[in-house]
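Visitor: Dropping in structure-v2.txt, with compact mmCIF, C-alpha atoms and all ligand atoms.
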# COMPACT_ATOMS: atom_id res chain seq x y z
CA MET A 13 -14.39 7.58 -104.53
CA THR A 14 -12.95 4.22 -103.45
CA THR A 15 -9.28 3.26 -103.79
CA ASN A 16 -8.36 0.19 -105.83
CA ASN A 17 -8.57 -2.52 -103.16
CA SER A 18 -11.62 -1.10 -101.39
CA LEU A 19 -15.03 -2.70 -101.70
CA LYS A 20 -18.46 -1.32 -102.50
CA LEU A 21 -20.78 -2.94 -99.96
CA LEU A 22 -24.58 -2.66 -99.83
CA PHE A 23 -25.91 -3.67 -96.38
CA LEU A 24 -29.56 -4.75 -96.12
CA SER A 25 -30.76 -4.34 -92.55
CA THR A 26 -33.04 -6.41 -90.35
CA SER A 27 -36.67 -5.79 -91.29
CA VAL A 28 -38.37 -6.00 -87.90
CA GLY A 29 -37.83 -2.37 -86.98
CA GLN A 30 -36.11 0.87 -87.89
CA LEU A 31 -32.39 0.86 -87.16
CA GLY A 32 -32.06 2.82 -83.92
CA SER A 33 -35.40 1.65 -82.54
CA GLY A 34 -33.93 -1.24 -80.57
CA LEU A 35 -36.43 -3.68 -82.11
CA GLY A 36 -33.54 -5.21 -84.04
CA GLY A 37 -31.69 -5.98 -80.84
CA GLY A 38 -27.98 -6.78 -81.03
CA VAL A 39 -27.85 -6.90 -84.81
CA GLU A 40 -28.49 -3.14 -84.91
CA LEU A 41 -25.22 -2.59 -83.04
CA THR A 42 -23.48 -5.10 -85.30
CA VAL A 43 -24.61 -3.33 -88.48
CA LEU A 44 -23.55 0.05 -87.08
CA ASN A 45 -20.13 -1.11 -85.89
CA ILE A 46 -19.22 -2.99 -89.08
CA ALA A 47 -20.43 -0.12 -91.28
CA LYS A 48 -18.44 2.43 -89.25
CA GLU A 49 -15.25 0.37 -89.16
CA LEU A 50 -15.25 -0.60 -92.86
CA HIS A 51 -16.12 2.98 -93.87
CA ARG A 52 -13.16 4.17 -91.77
CA ARG A 53 -10.96 1.80 -93.77
CA GLY A 54 -12.06 3.40 -97.06
CA HIS A 55 -14.72 0.95 -98.22
CA LYS A 56 -17.96 2.36 -99.67
CA ILE A 57 -20.93 1.41 -97.47
CA THR A 58 -24.63 2.16 -97.89
CA VAL A 59 -27.34 0.64 -95.67
CA VAL A 60 -30.86 -0.15 -96.93
CA ALA A 61 -33.35 -0.10 -94.02
CA PRO A 62 -36.97 0.63 -93.06
CA VAL A 63 -38.11 4.25 -93.14
CA GLY A 64 -37.08 6.07 -89.96
CA SER A 65 -33.78 4.23 -89.63
CA VAL A 66 -30.83 6.23 -88.34
CA LEU A 67 -27.21 5.03 -88.39
CA GLU A 68 -24.99 7.92 -87.29
CA SER A 69 -23.08 9.20 -90.34
CA ILE A 70 -23.60 6.10 -92.51
CA PRO A 71 -25.77 6.74 -95.63
CA VAL A 72 -29.15 5.03 -95.26
CA ILE A 73 -31.59 4.31 -98.11
CA GLU A 74 -34.97 4.40 -96.35
CA ILE A 75 -37.57 1.97 -97.70
CA ALA A 76 -41.29 2.07 -96.89
CA GLY A 77 -43.47 -0.92 -96.15
CA ASP A 78 -44.85 -3.15 -93.43
CA LEU A 79 -42.33 -4.39 -90.83
CA GLN A 80 -41.65 -8.13 -90.62
CA GLY A 81 -42.92 -10.13 -87.65
CA THR A 82 -40.19 -11.41 -85.33
CA ALA A 83 -38.99 -14.97 -85.90
CA GLN A 84 -38.67 -15.72 -82.18
CA THR A 85 -42.44 -15.31 -81.72
CA GLN A 86 -43.13 -17.98 -84.37
CA ASP A 87 -43.38 -21.75 -83.92
CA TYR A 88 -40.70 -23.85 -85.54
CA ASN A 89 -42.93 -25.25 -88.30
CA ASP A 90 -44.90 -22.06 -88.99
CA SER A 91 -45.34 -21.07 -92.62
CA ILE A 92 -43.51 -18.01 -93.90
CA VAL A 93 -45.43 -14.83 -93.12
CA MET A 94 -45.07 -11.91 -95.55
CA PRO A 95 -47.06 -8.72 -94.85
CA ALA A 96 -49.02 -7.34 -97.84
CA ASP A 97 -46.59 -4.46 -98.42
CA ALA A 98 -43.50 -6.08 -96.86
CA VAL A 99 -40.62 -3.66 -96.31
CA LEU A 100 -38.34 -6.70 -96.64
CA ALA A 101 -39.57 -7.36 -100.19
CA ASN A 102 -39.34 -3.65 -101.06
CA MET A 103 -35.76 -3.51 -99.71
CA TRP A 104 -34.74 -6.42 -101.94
CA GLU A 105 -36.48 -4.98 -104.99
CA TYR A 106 -34.33 -1.88 -104.46
CA ALA A 107 -31.21 -4.08 -104.13
CA ARG A 108 -32.11 -5.92 -107.33
CA GLN A 109 -32.31 -2.64 -109.25
CA VAL A 110 -28.91 -1.31 -108.05
CA GLN A 111 -27.02 -4.59 -107.65
CA ASP A 112 -24.47 -3.91 -110.43
CA GLU A 113 -23.18 -0.85 -108.53
CA TRP A 114 -21.97 -3.08 -105.65
CA ASP A 115 -19.26 -5.73 -105.12
CA VAL A 116 -21.14 -7.56 -102.36
CA ILE A 117 -24.68 -7.27 -101.00
CA VAL A 118 -24.81 -8.14 -97.28
CA ASN A 119 -28.03 -9.47 -95.73
CA PHE A 120 -28.58 -8.90 -91.99
CA ALA A 121 -32.23 -10.01 -91.91
CA TYR A 122 -33.15 -13.27 -90.22
CA ASP A 123 -35.75 -14.08 -92.90
CA TRP A 124 -36.44 -16.57 -95.66
CA LEU A 125 -36.75 -14.09 -98.56
CA PRO A 126 -33.12 -12.85 -98.88
CA PHE A 127 -31.82 -16.42 -98.95
CA TYR A 128 -34.45 -17.50 -101.52
CA LEU A 129 -33.56 -14.54 -103.77
CA THR A 130 -29.80 -15.22 -103.72
CA PRO A 131 -29.61 -17.36 -106.92
CA PHE A 132 -31.65 -14.71 -108.81
CA PHE A 133 -28.96 -12.02 -108.22
CA ARG A 134 -25.83 -11.37 -110.28
CA THR A 135 -24.03 -9.65 -107.42
CA PRO A 136 -22.75 -12.02 -104.68
CA ILE A 137 -24.76 -11.95 -101.46
CA ALA A 138 -23.26 -12.49 -97.98
CA HIS A 139 -25.70 -13.57 -95.28
CA PHE A 140 -25.00 -12.69 -91.64
CA ILE A 141 -27.28 -14.84 -89.47
CA SER A 142 -27.84 -13.12 -86.11
CA MET A 143 -29.65 -15.83 -84.10
CA GLY A 144 -29.59 -19.58 -83.64
CA SER A 145 -32.10 -21.95 -85.27
CA LEU A 146 -35.67 -20.76 -84.70
CA VAL A 147 -37.83 -21.66 -87.72
CA ARG A 148 -37.69 -24.56 -90.18
CA SER A 149 -38.26 -22.31 -93.22
CA LEU A 150 -35.06 -20.38 -92.52
CA ASP A 151 -33.08 -23.50 -91.53
CA ARG A 152 -33.92 -25.14 -94.88
CA VAL A 153 -33.31 -22.19 -97.21
CA ALA A 154 -30.08 -21.23 -95.39
CA GLU A 155 -28.84 -24.83 -95.69
CA GLN A 156 -29.54 -24.73 -99.44
CA THR A 157 -27.72 -21.39 -99.72
CA ALA A 158 -24.74 -22.72 -97.75
CA ALA A 159 -24.47 -25.66 -100.16
CA GLN A 160 -24.95 -23.63 -103.36
CA PHE A 161 -22.80 -20.65 -102.32
CA PRO A 162 -20.08 -21.97 -99.98
CA GLY A 163 -18.54 -19.45 -97.61
CA THR A 164 -21.33 -16.90 -97.91
CA ILE A 165 -22.94 -17.51 -94.49
CA GLY A 166 -21.53 -15.75 -91.43
CA VAL A 167 -22.51 -16.12 -87.77
CA TYR A 168 -21.37 -14.78 -84.42
CA THR A 169 -20.28 -17.95 -82.58
CA ALA A 170 -19.63 -21.68 -82.85
CA SER A 171 -22.47 -22.51 -80.44
CA GLN A 172 -24.86 -20.50 -82.61
CA ALA A 173 -23.59 -22.31 -85.73
CA GLU A 174 -24.08 -25.68 -83.99
CA THR A 175 -27.84 -25.08 -83.92
CA PHE A 176 -27.83 -25.39 -87.75
CA ALA A 177 -27.20 -28.49 -89.90
CA PHE A 178 -24.76 -26.41 -91.99
CA ALA A 179 -22.59 -25.43 -88.97
CA ALA A 180 -19.41 -26.51 -90.78
CA GLU A 181 -20.16 -24.04 -93.60
CA CYS A 182 -20.47 -21.03 -91.30
CA GLN A 183 -17.82 -18.31 -91.04
CA LEU A 184 -17.34 -17.53 -87.32
CA LEU A 185 -17.17 -13.71 -87.19
CA GLY A 186 -17.69 -12.89 -83.51
CA SER A 187 -18.50 -9.33 -82.60
CA GLY A 188 -16.81 -6.13 -81.51
CA ILE A 189 -17.54 -2.66 -80.17
CA ASP A 190 -16.08 0.83 -80.25
CA LEU A 191 -14.18 0.59 -76.95
CA SER A 192 -13.70 4.34 -76.81
CA LEU A 193 -17.42 4.69 -76.01
CA TYR A 194 -17.12 2.61 -72.81
CA GLU A 195 -15.42 4.01 -69.70
CA PHE A 196 -13.76 1.65 -67.20
CA CYS A 197 -15.03 1.82 -63.58
CA SER A 198 -13.01 0.18 -60.80
CA GLN A 199 -15.21 1.15 -57.83
CA PRO A 200 -18.83 0.03 -58.47
CA GLN A 201 -21.89 0.78 -56.38
CA SER A 202 -23.81 -2.08 -54.78
CA LYS A 203 -26.19 -2.81 -57.65
CA LEU A 204 -26.64 -5.11 -60.68
CA ALA A 205 -27.47 -4.52 -64.35
CA TRP A 206 -29.59 -6.35 -66.91
CA LEU A 207 -29.53 -5.34 -70.60
CA GLY A 208 -31.62 -6.49 -73.57
CA ARG A 209 -34.94 -6.51 -75.31
CA ILE A 210 -37.64 -6.98 -72.69
CA ALA A 211 -39.04 -10.23 -74.14
CA PRO A 212 -39.64 -13.80 -72.88
CA GLU A 213 -36.63 -15.35 -74.63
CA LYS A 214 -34.37 -13.13 -72.50
CA GLY A 215 -35.45 -14.61 -69.15
CA LEU A 216 -35.57 -11.28 -67.26
CA GLU A 217 -37.71 -12.82 -64.50
CA ASP A 218 -34.70 -14.84 -63.27
CA ALA A 219 -32.61 -11.70 -62.84
CA VAL A 220 -35.48 -10.05 -60.96
CA ALA A 221 -35.75 -13.12 -58.70
CA ALA A 222 -31.99 -12.97 -58.00
CA ALA A 223 -32.29 -9.26 -57.14
CA LYS A 224 -35.10 -10.06 -54.71
CA ILE A 225 -33.08 -12.81 -53.00
CA THR A 226 -29.83 -10.82 -52.75
CA GLY A 227 -31.52 -7.49 -52.04
CA LEU A 228 -29.21 -5.88 -54.63
CA PRO A 229 -30.99 -3.26 -56.77
CA LEU A 230 -31.30 -4.36 -60.44
CA LYS A 231 -31.10 -1.67 -63.13
CA ILE A 232 -32.91 -2.86 -66.28
CA MET A 233 -32.22 -1.27 -69.69
CA GLY A 234 -33.42 -2.18 -73.18
CA LYS A 235 -36.24 -1.95 -75.67
CA MET A 236 -39.68 -2.64 -74.13
CA GLN A 237 -40.65 -5.20 -76.76
CA ASP A 238 -43.28 -7.21 -74.85
CA GLU A 239 -45.21 -5.02 -72.42
CA ASP A 240 -47.43 -7.88 -71.16
CA TYR A 241 -44.32 -9.91 -70.29
CA TRP A 242 -42.95 -6.95 -68.28
CA GLN A 243 -46.26 -6.40 -66.48
CA LYS A 244 -46.36 -10.09 -65.50
CA ILE A 245 -42.86 -9.86 -63.99
CA CYS A 246 -43.88 -6.76 -62.01
CA ALA A 247 -47.00 -8.62 -60.77
CA ASP A 248 -45.03 -11.76 -59.85
CA TYR A 249 -42.26 -9.82 -58.03
CA PRO A 250 -44.03 -6.75 -56.58
CA ASP A 251 -41.37 -5.99 -53.98
CA ALA A 252 -38.19 -6.84 -55.94
CA PRO A 253 -35.69 -3.92 -55.91
CA VAL A 254 -35.82 -3.34 -59.71
CA GLU A 255 -35.96 -0.22 -61.85
CA TYR A 256 -36.57 -0.03 -65.62
CA LEU A 257 -34.44 2.79 -67.06
CA GLY A 258 -35.72 2.52 -70.66
CA PHE A 259 -33.93 2.03 -73.99
CA LEU A 260 -30.85 4.25 -73.64
CA THR A 261 -28.15 5.39 -76.05
CA THR A 262 -24.80 3.57 -75.78
CA THR A 263 -23.32 6.52 -73.90
CA GLN A 264 -26.21 6.70 -71.42
CA MET A 265 -26.31 2.88 -71.01
CA GLN A 266 -22.59 2.50 -70.26
CA GLU A 267 -22.84 5.38 -67.77
CA GLN A 268 -25.28 3.20 -65.79
CA VAL A 269 -23.71 -0.22 -66.36
CA ARG A 270 -20.16 0.79 -65.39
CA GLN A 271 -21.40 1.61 -61.86
CA CYS A 272 -22.72 -1.93 -61.35
CA ARG A 273 -21.06 -4.89 -59.63
CA ALA A 274 -22.12 -7.27 -62.43
CA LEU A 275 -24.27 -7.74 -65.52
CA LEU A 276 -26.74 -10.65 -65.28
CA MET A 277 -27.44 -12.54 -68.57
CA THR A 278 -30.39 -14.93 -68.35
CA PRO A 279 -31.19 -16.07 -71.93
CA ARG A 280 -33.79 -18.80 -72.29
CA TRP A 281 -32.49 -19.61 -75.77
CA VAL A 282 -29.11 -20.14 -77.42
CA GLU A 283 -28.07 -16.47 -77.45
CA ALA A 284 -26.15 -16.09 -80.71
CA PHE A 285 -23.59 -13.78 -79.15
CA GLY A 286 -24.68 -11.33 -76.48
CA ASN A 287 -23.29 -7.90 -77.45
CA VAL A 288 -24.33 -6.67 -74.01
CA ALA A 289 -21.69 -8.99 -72.48
CA ILE A 290 -18.77 -7.30 -74.23
CA GLU A 291 -20.28 -3.87 -73.54
CA ALA A 292 -20.23 -4.69 -69.81
CA LEU A 293 -16.70 -6.15 -69.95
CA ALA A 294 -15.51 -2.96 -71.68
CA CYS A 295 -16.68 -1.04 -68.59
CA GLY A 296 -14.86 -3.47 -66.28
CA VAL A 297 -18.14 -5.08 -65.26
CA PRO A 298 -18.05 -8.86 -64.67
CA VAL A 299 -20.70 -10.92 -66.51
CA ILE A 300 -22.75 -13.58 -64.72
CA ALA A 301 -24.42 -15.63 -67.47
CA TYR A 302 -26.22 -18.90 -68.05
CA ALA A 303 -23.69 -21.36 -69.46
CA ARG A 304 -25.12 -21.69 -72.97
CA GLY A 305 -24.77 -19.97 -76.33
CA GLY A 306 -22.60 -16.96 -77.07
CA PRO A 307 -22.05 -15.82 -73.47
CA ALA A 308 -20.50 -19.23 -72.66
CA GLU A 309 -17.88 -18.48 -75.32
CA ILE A 310 -17.28 -14.94 -74.05
CA VAL A 311 -17.13 -15.15 -70.24
CA ARG A 312 -13.85 -16.51 -68.82
CA ASP A 313 -15.41 -18.36 -65.86
CA GLY A 314 -13.90 -17.15 -62.56
CA HIS A 315 -11.78 -14.50 -64.31
CA THR A 316 -14.11 -12.07 -66.11
CA GLY A 317 -17.35 -13.33 -64.62
CA PHE A 318 -19.15 -16.59 -63.90
CA LEU A 319 -20.98 -19.16 -66.01
CA VAL A 320 -23.85 -20.73 -64.07
CA GLU A 321 -26.25 -23.62 -64.66
CA PRO A 322 -28.84 -22.47 -67.19
CA ASP A 323 -32.20 -21.33 -65.74
CA SER A 324 -30.83 -21.60 -62.17
CA VAL A 325 -31.67 -18.54 -60.07
CA ASN A 326 -29.68 -20.08 -57.23
CA GLY A 327 -26.72 -20.31 -59.60
CA LEU A 328 -27.03 -16.57 -60.22
CA VAL A 329 -27.23 -15.89 -56.47
CA GLY A 330 -24.16 -18.07 -55.75
CA ALA A 331 -22.13 -16.28 -58.41
CA ILE A 332 -23.17 -12.85 -57.10
CA ALA A 333 -21.75 -13.88 -53.70
CA ARG A 334 -18.34 -14.58 -55.34
CA LEU A 335 -17.98 -11.33 -57.29
CA ASP A 336 -15.12 -10.11 -55.09
CA GLN A 337 -12.95 -12.80 -56.73
CA ILE A 338 -13.11 -10.95 -60.04
CA ASP A 339 -10.52 -8.34 -61.04
CA ARG A 340 -12.48 -5.71 -62.95
CA SER A 341 -9.45 -4.62 -64.97
CA ALA A 342 -9.25 -8.18 -66.34
CA CYS A 343 -12.76 -7.62 -67.75
CA ARG A 344 -11.74 -4.45 -69.57
CA ARG A 345 -8.57 -6.13 -70.81
CA GLN A 346 -10.53 -9.05 -72.32
CA ALA A 347 -12.72 -6.59 -74.24
CA GLU A 348 -9.62 -4.78 -75.54
CA VAL A 349 -7.85 -7.96 -76.60
CA GLU A 350 -10.76 -9.87 -78.12
CA TYR A 351 -13.55 -7.45 -79.04
CA SER A 352 -12.07 -4.34 -80.59
CA LEU A 353 -13.56 -2.80 -83.73
CA GLU A 354 -10.16 -3.33 -85.37
CA ALA A 355 -10.35 -7.11 -84.92
CA LEU A 356 -14.01 -7.16 -86.01
CA GLY A 357 -13.20 -5.14 -89.13
CA ASP A 358 -10.39 -7.54 -90.07
CA ARG A 359 -12.70 -10.55 -89.86
CA PHE A 360 -15.53 -9.00 -91.90
CA GLN A 361 -13.17 -7.42 -94.45
CA HIS A 362 -11.56 -10.81 -95.04
CA TRP A 363 -15.00 -12.45 -95.41
CA PHE A 364 -16.27 -9.84 -97.88
CA ASN A 365 -13.03 -9.93 -99.90
CA SER A 366 -13.30 -13.71 -100.24
CA ILE A 367 -16.89 -13.43 -101.45
CA ALA A 368 -16.16 -10.58 -103.88
CA ALA A 369 -13.19 -12.54 -105.25
CA SER A 370 -15.39 -15.57 -105.88
CA LYS A 371 -17.63 -13.49 -108.14
CA VAL A 372 -17.97 -16.04 -110.93
CA ARG A 373 -21.50 -15.19 -111.95
CA GLN A 374 -22.43 -14.85 -115.62
N1 LIG B 401 -37.10 -11.75 -86.84
N2 LIG B 401 -38.20 -12.22 -88.85
C1 LIG B 401 -37.17 -11.66 -88.19
N3 LIG B 401 -36.24 -10.99 -88.89
C2 LIG B 401 -35.16 -10.41 -88.29
O1 LIG B 401 -34.31 -9.81 -88.97
C3 LIG B 401 -35.05 -10.49 -86.87
C4 LIG B 401 -36.05 -11.17 -86.18
N4 LIG B 401 -35.98 -11.26 -84.84
C5 LIG B 401 -34.93 -10.67 -84.05
C6 LIG B 401 -33.94 -9.98 -84.86
N5 LIG B 401 -34.00 -9.91 -86.20
C7 LIG B 401 -32.81 -9.31 -84.14
O2 LIG B 401 -33.32 -8.74 -82.96
C8 LIG B 401 -31.78 -10.35 -83.76
O3 LIG B 401 -31.27 -10.81 -84.94
C9 LIG B 401 -30.66 -9.75 -82.95
What would the structure in this file look like if it were written as structure tokens?

Guide:
Amino acid sequence: MTTNNSLKLLFLSTSVGQLGSGLGGGVELTVLNIAKELHRRGHKITVVAPVGSVLESIPVIEIAGDLQGTAQTQDYNDSIVMPADAVLANMWEYARQVQDEWDVIVNFAYDWLPFYLTPFFRTPIAHFISMGSLVRSLDRVAEQTAAQFPGTIGVYTASQAETFAFAAECQLLGSGIDLSLYEFCSQPQSKLAWLGRIAPEKGLEDAVAAAKITGLPLKIMGKMQDEDYWQKICADYPDAPVEYLGFLTTTQMQEQVRQCRALLMTPRWVEAFGNVAIEALACGVPVIAYARGGPAEIVRDGHTGFLVEPDSVNGLVGAIARLDQIDRSACRRQAEVEYSLEALGDRFQHWFNSIAASKVRQ
């Protein structure tokens, strides 16, 4: 039962993997955190996701079908690829059938179909775009949606929005985490952390190279998405002091990260946000990141970490040598001030209310 000013929100998840599998990368954490925080505030939330998805205590409607291929493995001008029995299409057929039960339908998939379907729905649709520009088909249909339904496109950061022609139309929503899950550590061990999907766009090889040069052990955590890519790194850096710890739960991951002197972030692309950066800061761990995309808007250079020249291993090494300049409690404080679930919930609640209020459909 929802009180009078609460919303009924149907979330449609990313379609590249089950929620909880790690294949959906940072957007999995985003869906979980927004669902938890808005549910806590009394809104009614249900998440539609591929079969096998798990989202703590949030109700999940599991939909069968073939998973979507990942956009970052496509070329910019590739045609749209839809598997024969696409789980994405099946998820949106479900949404079409139940749409009148909901105030706003929220799309978290980085795919053409949900945007194309928007004008065919009576219920307003909010689109959260979780990456920068990658494929022309999405750029075009999202631009059309931004023009036809102003205010319905949300992104993490300004630098992510800038990769799209409709940057001015994007709601900047940032991110946030449940800070109570992350324990501050003031006395780290002499090692480094790297977090993320093990895939080429994440530039793991640069972090491995920096570990080799500095001799500092590198603890690697995240979903093993591209095994060949990982094997090539191991072959190229046979004696680097690195260890892959697997895809851990948040509790297990922060237990490892908090002990580290720094988190290295080495994205090859415009990282839309970089949830792993605020997870590290919440543990008091400085972030050393390439100065582009979301991390460049998160890290306070010289105060909560360092921003280095993109793709420069030497830049990483130089920053590692200066880590003693960083006050680790300043890192935790930044997470508390800027990335709490409370602040995240306010931003998304305001966005959804504005979209529900604009419900002028016949
Ligand atoms: N690719 N086609 C497609 N659809 C997605 O929803 C998607 C993706 N690639 C990556 C991804 N989602 C998430 O890992 C990022 O949005 C965080």

Visitor: What are the nearest atom pairs, with distances in Å to one decimal, for all residues of chain A that come at most 7 Å from ligand LIG 401 (chain B), using only C-alpha atoms and all ligand atoms, set out by chain and rising residue number as JSON lines?

Guide:
{"residue": "A:Thr26", "atom": "CA", "partner": "B:LIG401", "partner_atom": "O1", "distance": 3.9}
{"residue": "A:Ser27", "atom": "CA", "partner": "B:LIG401", "partner_atom": "O1", "distance": 5.2}
{"residue": "A:Val28", "atom": "CA", "partner": "B:LIG401", "partner_atom": "C2", "distance": 5.5}
{"residue": "A:Leu35", "atom": "CA", "partner": "B:LIG401", "partner_atom": "O2", "distance": 6.0}
{"residue": "A:Gly36", "atom": "CA", "partner": "B:LIG401", "partner_atom": "O2", "distance": 3.7}
{"residue": "A:Gly37", "atom": "CA", "partner": "B:LIG401", "partner_atom": "O2", "distance": 3.8}
{"residue": "A:Gly38", "atom": "CA", "partner": "B:LIG401", "partner_atom": "C9", "distance": 4.4}
{"residue": "A:Val39", "atom": "CA", "partner": "B:LIG401", "partner_atom": "C9", "distance": 4.4}
{"residue": "A:Gln80", "atom": "CA", "partner": "B:LIG401", "partner_atom": "N2", "distance": 5.6}
{"residue": "A:Gly81", "atom": "CA", "partner": "B:LIG401", "partner_atom": "N2", "distance": 5.3}
{"residue": "A:Thr82", "atom": "CA", "partner": "B:LIG401", "partner_atom": "N1", "distance": 3.5}
{"residue": "A:Ala83", "atom": "CA", "partner": "B:LIG401", "partner_atom": "N1", "distance": 3.9}
{"residue": "A:Gln84", "atom": "CA", "partner": "B:LIG401", "partner_atom": "N4", "distance": 5.8}
{"residue": "A:Phe120", "atom": "CA", "partner": "B:LIG401", "partner_atom": "O1", "distance": 6.5}
{"residue": "A:Ala121", "atom": "CA", "partner": "B:LIG401", "partner_atom": "O1", "distance": 3.6}
{"residue": "A:Tyr122", "atom": "CA", "partner": "B:LIG401", "partner_atom": "O1", "distance": 3.9}
{"residue": "A:Asp123", "atom": "CA", "partner": "B:LIG401", "partner_atom": "N2", "distance": 5.1}
{"residue": "A:Ser142", "atom": "CA", "partner": "B:LIG401", "partner_atom": "O3", "distance": 4.3}
{"residue": "A:Met143", "atom": "CA", "partner": "B:LIG401", "partner_atom": "O3", "distance": 5.3}

Visitor: With all atoms listed in the file as the basis for distance, which of A:Gln160, A:Ser366, A:Thr135, A:Gln237 is at the shortest distance from Pro212 of chain A?

Guide: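 Nearest to Pro212 of chain A: A:Gln237.
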
Visitor: Mind checking which residues fall within 7 Å of segment 18-25 of chain A, counting only C-alpha atoms, ignoring those fewer than 5 positions away in the same chain, and posting them as a PDB file with C-alpha atoms, in the frame of the given file?

Guide:
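Wrote it out as around26.pdb, contents follow:
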ATOM      1  CA  GLY A  54     -12.060   3.400 -97.060  1.00  0.00           C
ATOM      2  CA  HIS A  55     -14.720   0.950 -98.220  1.00  0.00           C
ATOM      3  CA  LYS A  56     -17.960   2.360 -99.670  1.00  0.00           C
ATOM      4  CA  ILE A  57     -20.930   1.410 -97.470  1.00  0.00           C
ATOM      5  CA  THR A  58     -24.630   2.160 -97.890  1.00  0.00           C
ATOM      6  CA  VAL A  59     -27.340   0.640 -95.670  1.00  0.00           C
ATOM      7  CA  VAL A  60     -30.860  -0.150 -96.930  1.00  0.00           C
ATOM      8  CA  ALA A  61     -33.350  -0.100 -94.020  1.00  0.00           C
ATOM      9  CA  TRP A 114     -21.970  -3.080-105.650  1.00  0.00           C
ATOM     10  CA  ASP A 115     -19.260  -5.730-105.120  1.00  0.00           C
ATOM     11  CA  VAL A 116     -21.140  -7.560-102.360  1.00  0.00           C
ATOM     12  CA  ILE A 117     -24.680  -7.270-101.000  1.00  0.00           C
ATOM     13  CA  VAL A 118     -24.810  -8.140 -97.280  1.00  0.00           C
ATOM     14  CA  ASN A 119     -28.030  -9.470 -95.730  1.00  0.00           C
ATOM     15  CA  PHE A 120     -28.580  -8.900 -91.990  1.00  0.00           C
ATOM     16  CA  ALA A 121     -32.230 -10.010 -91.910  1.00  0.00           C
TER      17      ALA A 121
END

Visitor: Given the point (-10.6, -5.1, -71.1) in the file's coordinates, find the residues that have an atom at most 10 Å from it, counting only C-alpha atoms, and give them as a PDB file with C-alpha atoms, keeping the file's coordinate frame.

Guide:
ATOM      1  CA  LEU A 191     -14.180   0.590 -76.950  1.00  0.00           C
ATOM      2  CA  PHE A 196     -13.760   1.650 -67.200  1.00  0.00           C
ATOM      3  CA  ILE A 290     -18.770  -7.300 -74.230  1.00  0.00           C
ATOM      4  CA  ALA A 292     -20.230  -4.690 -69.810  1.00  0.00           C
ATOM      5  CA  LEU A 293     -16.700  -6.150 -69.950  1.00  0.00           C
ATOM      6  CA  ALA A 294     -15.510  -2.960 -71.680  1.00  0.00           C
ATOM      7  CA  CYS A 295     -16.680  -1.040 -68.590  1.00  0.00           C
ATOM      8  CA  GLY A 296     -14.860  -3.470 -66.280  1.00  0.00           C
ATOM      9  CA  VAL A 297     -18.140  -5.080 -65.260  1.00  0.00           C
ATOM     10  CA  THR A 316     -14.110 -12.070 -66.110  1.00  0.00           C
ATOM     11  CA  ARG A 340     -12.480  -5.710 -62.950  1.00  0.00           C
ATOM     12  CA  SER A 341      -9.450  -4.620 -64.970  1.00  0.00           C
ATOM     13  CA  ALA A 342      -9.250  -8.180 -66.340  1.00  0.00           C
ATOM     14  CA  CYS A 343     -12.760  -7.620 -67.750  1.00  0.00           C
ATOM     15  CA  ARG A 344     -11.740  -4.450 -69.570  1.00  0.00           C
ATOM     16  CA  ARG A 345      -8.570  -6.130 -70.810  1.00  0.00           C
ATOM     17  CA  GLN A 346     -10.530  -9.050 -72.320  1.00  0.00           C
ATOM     18  CA  ALA A 347     -12.720  -6.590 -74.240  1.00  0.00           C
ATOM     19  CA  GLU A 348      -9.620  -4.780 -75.540  1.00  0.00           C
ATOM     20  CA  VAL A 349      -7.850  -7.960 -76.600  1.00  0.00           C
ATOM     21  CA  GLU A 350     -10.760  -9.870 -78.120  1.00  0.00           C
ATOM     22  CA  TYR A 351     -13.550  -7.450 -79.040  1.00  0.00           C
ATOM     23  CA  SER A 352     -12.070  -4.340 -80.590  1.00  0.00           C
TER      24      SER A 352
END

Visitor: So that I can check the surroundings of Gln243 of chain A, please list as a PDB file with C-alpha atoms, in the frame of the given file every protein, DNA and RNA residue that reaches within 12 Å of it, counting only C-alpha atoms and ignoring chain neighbours fewer than 2 positions away.

Guide:
ATOM      1  CA  ILE A 210     -37.640  -6.980 -72.690  1.00  0.00           C
ATOM      2  CA  ALA A 211     -39.040 -10.230 -74.140  1.00  0.00           C
ATOM      3  CA  PRO A 212     -39.640 -13.800 -72.880  1.00  0.00           C
ATOM      4  CA  LEU A 216     -35.570 -11.280 -67.260  1.00  0.00           C
ATOM      5  CA  GLU A 217     -37.710 -12.820 -64.500  1.00  0.00           C
ATOM      6  CA  MET A 236     -39.680  -2.640 -74.130  1.00  0.00           C
ATOM      7  CA  GLN A 237     -40.650  -5.200 -76.760  1.00  0.00           C
ATOM      8  CA  ASP A 238     -43.280  -7.210 -74.850  1.00  0.00           C
ATOM      9  CA  GLU A 239     -45.210  -5.020 -72.420  1.00  0.00           C
ATOM     10  CA  ASP A 240     -47.430  -7.880 -71.160  1.00  0.00           C
ATOM     11  CA  TYR A 241     -44.320  -9.910 -70.290  1.00  0.00           C
ATOM     12  CA  ILE A 245     -42.860  -9.860 -63.990  1.00  0.00           C
ATOM     13  CA  CYS A 246     -43.880  -6.760 -62.010  1.00  0.00           C
ATOM     14  CA  ALA A 247     -47.000  -8.620 -60.770  1.00  0.00           C
ATOM     15  CA  ASP A 248     -45.030 -11.760 -59.850  1.00  0.00           C
ATOM     16  CA  TYR A 249     -42.260  -9.820 -58.030  1.00  0.00           C
ATOM     17  CA  PRO A 250     -44.030  -6.750 -56.580  1.00  0.00           C
ATOM     18  CA  TYR A 256     -36.570  -0.030 -65.620  1.00  0.00           C
TER      19      TYR A 256
END

Visitor: In Å to one decimal, how far is atom CA of Asn45 of chain A from atom CA of Ser69 of chain A?

Guide: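 For atom CA of Ser69 of chain A relative to atom CA of Asn45 of chain A, the distance reads 11.6 Å.
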